[in-house]
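Q: One structure, pasted below without further comment.
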Amino acid sequence: MFKTFPKGGIHPPENKITADKSITVLPLPSTVTVPLNQHIGAPATPVVEKGSAVKTGQLIAEAKGFVSASIHSPVSGKVSKIEPVADSTGYKQMAIIIDVEGDEWIETTDRSATLVKEITMTREQIVERCRDCGLVGLGGATFPTHIKMTVPSGRKCDMLIINGVECEPYLTSDHRLMIEKGPEVLTGVTIIMKALGVTQAVIGIEANKPDAISTLDGLSKDFAGISVVALKVKYPQGGEKQLIKACTGREVPSGGLPLDVGVVVQNVGTAFAVYEAVQKNKPLIERVVTVTGKSVSRPGNFLVRIGTPVAKLIEAAGGMPDDTGKVVNGGPMMGKALAMTDVPVTKGTSGIILFPEPESRRDEIMPCIRCGKCSSACAMGLEPWLLSVLSEKAMFEKAETEKITDCMECGACAYTCPAKRPLLDYIRLGKTTVIKMVRERITK
Amino acid sequence: MNNILNVSPSPHQQSSETTRKLMFGVVIALLPALAASVYYFGTGAVIVTLTSVLACVATEFLIQKYLLKTKTSISDGSAIVTGLLLAFNVPSNLPLFIIVIGAVISIGVAKMTFGGLGNNPFNPALVGRVFLLISFPVQMTSWPVPSGFKTGYTDAVTGATPLGIISEGVKNGESISALMDKVPSHMQLFYGYMGGSMGEIAAAALILGGIFMIWRKIITWHIPVAVLASAALFTGILWLADPTKFADPLFHLLTGGMMLGAIFMATDYVTSPMTPKGMIIYGTGIGVITVLIRTWGAYPEGVSFAILIMNAFVPLLNMYIKPRRFGKEVRHG
């Protein structure tokens, strides 16, 4: 039996169309748009001006404050504009727009493909390098990596968990990375272990990726303290708290962090980026993005520079099918629908999914029949039907006591509802309001 | 690039499960019991079922179309399920006008008055059944005895149900062992060879339907198991205490609509709790109250009343029995 988390969860159709598609390098676009806020925290401050010539990998915007991440030029060329541009959320934010000329890299980056296994840096140097290279969590949350690598004094961390679950349907970028870049990923894991000062790391991978499990399991023999654990296919296993529970049995307290149970979780994509940053001195300027969909003619996994328009990716996958009704940035369960495809790929873009028109619309809403399927599906032990009604009726105090803030917005409830109720829409509304309420209470 | 894109918040996909599919799943699960009923009671079972289903669907349609003037919801299949269950809970020779009255009460009073599907506190089919039982006690308790397939409708030979025979006999001071000779054997009961409401008789067929519903993930095991286990335990204790006065637990499980109630009536989504813990309390309540009514009450069956009583507790159970919240207390593995 494979391990998994005990309560809740669903198993949507996997649709891993691109699981056997090797990572291919996307040709450089003619311009890139690099938003200054691609991470959780304060936007970075530009250190270049309009007209500046930049090299690939050169710092173009500096982290502002502790919770922030630096941004590097993904291409070489000339800064044509620094202006507000609509990003994948649809809102405008400051971005540096660069016209691409050639591909001239900064000299400090080692661009060879040779594997560098030996880790020469100290803990402090590793953390500093990750900050300097603008690393953020590549699973989608984009939390600055250097913060998660620093265990605050007085706290104990005894285990690193690497998220190779990729529980979102359709997405395969982590899957391909594990198969194609196994030694690099494991070296990256070892680096993070060193930074955290832990001796054991567990890589959690769902059982629908047997090739990734066997690849990493075989390679892990050469890396001290790393083990691979095969997990039952169940969404939302990639949720930090669910993954920790599945791998270790430890349960992060409500409102708490993984560190409360002595664990830090990083994504496999992040581990690979850590390897490149620490061993090769390569800033985070590109990532693997899955471009897929049932009608897409050439779906695939692409290594793409940050700032590349999503439209270019779709072009590389054979163009947008005529029946396309929705383009989602991220997974089908938690991703964001794009209003237009000229928005740039950012550090958090794990996939682009093109849904045919019929699948892009929601089904007709029926009355709640109190079947309780939403409660059974909720991995946080919440009652989505209740939270939804409380939010709908603006009973936010009650919603707070019913732990609405524990909701991670995985969407399992809305997925499973036979009456097709927009449960998560209402819960989001309630959750945002409750968080605001709590903040006001604290500041009072 | 000319596509106009739809934008909506996540999740961007929904399961293929729908209310309609669930309701028709229940209909499929009821078919074996319906077949058994036709086998034992003949065309009467078909006529009663058709009348009940049509009357329920028509009531819902007419109320929505002419009284509420809203969109009709008969296509969701819930009225069909109510119609089938109402038919299952009445004798197969019940005069048709009584069935129609039952349907009007079920859908009109117990369901639509409260706002339609999802809002009714009590199981509609059972409200209809109990209304008929109180209003037409004679017709509702003249049970045809199984006589193989026949085409006549009202000319059926009627007799008491096994529970009725036992209940009456015990009152007259007869011993259980003597009474057991007057009722069908346990095996016959299991296959449905007894007098009773048309859908309640064949335990084997009802269990088959229940297994289908659990496999198809329409219901979970909690409610049926809790009802049957608690009833078996309670009657078992009584039986062990005095086997001359109380029938054995298996007899109780196979008679008087216990299976129909546990598997199909108590598991109605709208009127049952939503957490497994709540379901077990609710099911146990039904089992215990049923035995109380059967042993010390005025009615020999009691399942309908027990379910309706527990229906009333469902809002309380939903309010106070909560799932275990993740991270309520820190657990180190």
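How things are named: the first chain in the structure tokens is A, the next is B, and so on; residues count from 1 in each chain; ligands count from 1 in the order shown.
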Could you list, as a list in words, every residue of chain A that has an atom within 6 Å of an atom of chain B, counting only C-alpha atoms?
A: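 Interface list for chain A against chain B: Thr248, Gly249, Arg250, Glu251, Val252, Pro253, Ser254, Gly325, Lys326, Pro332, Met333, Met334, Ala337, Ala339, Cys368, Ile369, Arg370, Cys371, Gly372, Met380, Gly381, Gly411, Tyr415, Thr416, Pro418 and Ala419 of chain A.
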Q: Neighbours of Leu228 of chain B within 8 Å (only C-alpha atoms; same-chain residues fewer than 6 positions away dropped), as an mmCIF file with C-alpha atoms, in the first residue's frame?
A:
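Contents of out.cif, as written:
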```
data_model
loop_
_atom_site.group_PDB
_atom_site.id
_atom_site.type_symbol
_atom_site.label_atom_id
_atom_site.label_comp_id
_atom_site.auth_asym_id
_atom_site.auth_seq_id
_atom_site.Cartn_x
_atom_site.Cartn_y
_atom_site.Cartn_z
ATOM 1 C CA LEU B 253 -33.870 -7.378 10.486
ATOM 2 C CA MET B 258 -36.130 -2.725 8.326
ATOM 3 C CA MET B 259 -33.979 -3.282 5.232
ATOM 4 C CA ALA B 262 -32.006 1.246 6.651
ATOM 5 C CA GLY B 287 -32.447 1.242 15.141
#
```
Q: Set the distance at 8 Å and use only C-alpha atoms: which residues neighbour segment 124-139 of chain B once local chain neighbours fewer than 3 positions away are removed? I'd like the list as a list of chain:residue names.
A: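 What passes the distance filter is B:Thr82, B:Gly83, B:Leu85, B:Leu86, B:Asn89, B:Val90, B:Leu94, B:Pro95, B:Ile98, B:Ile101, B:Gly102, B:Ala103, B:Val104, B:Ile105, B:Ser106, B:Ile107, B:Ala110, B:Lys111, B:Asn120, B:Ser142, B:Met265, B:Ser304, B:Phe305, B:Leu308.
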Q: Write out as a PyMOL selection string which residues come within 7 Å of Pro35 of chain A when counting only C-alpha atoms, dropping same-chain ones fewer than 6 positions away.
A: chain A and resi 93-96
Q: Would you list, as a ChimeraX atom specification, the residues of segment 25-190 of chain B that end up in alpha helix (DSSP H) under DSSP run on this structure's backbone?
A: /B:25-41,43-62,78-88,96-103,124-135,137-140,162-171,176-180,186-190
Q: Using only C-alpha atoms, which protein or nucleic acid residues come within 7 Å of segment 15-18 of chain A? Drop anything in the same chain fewer than 2 positions from it, and give the result as a PyMOL selection string.
A: chain A and resi 13+20-21+169-172+292+299-301
Q: To one decimal place in Å, what is the distance between atom CA of Phe41 of chain B and atom CA of Asn93 of chain B?
A: 8.7 Å
Q: Leaving out segment 147-151 of chain A and any residue of its chain fewer than 5 positions from it, which residues lie within 8 Å of it when counting only C-alpha atoms, given as JSON, numbers by chain?
A: {"A": [66, 67, 127, 156, 157, 192, 195, 196, 264]}
Q: Name all residues at most 7 Å from Thr31 of chain A (count only C-alpha atoms; drop same-chain ones fewer than 6 positions away) and give them as a list of chain:residue names.
A: A:Ile97, A:Ile98, A:Asp99, A:Val100
Q: So how far away is atom CA of Ala298 of chain B from atom CA of Pro184 of chain B, in Å?
A: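 Computed distance, atom CA of Pro184 of chain B to atom CA of Ala298 of chain B, equals 22.9 Å.
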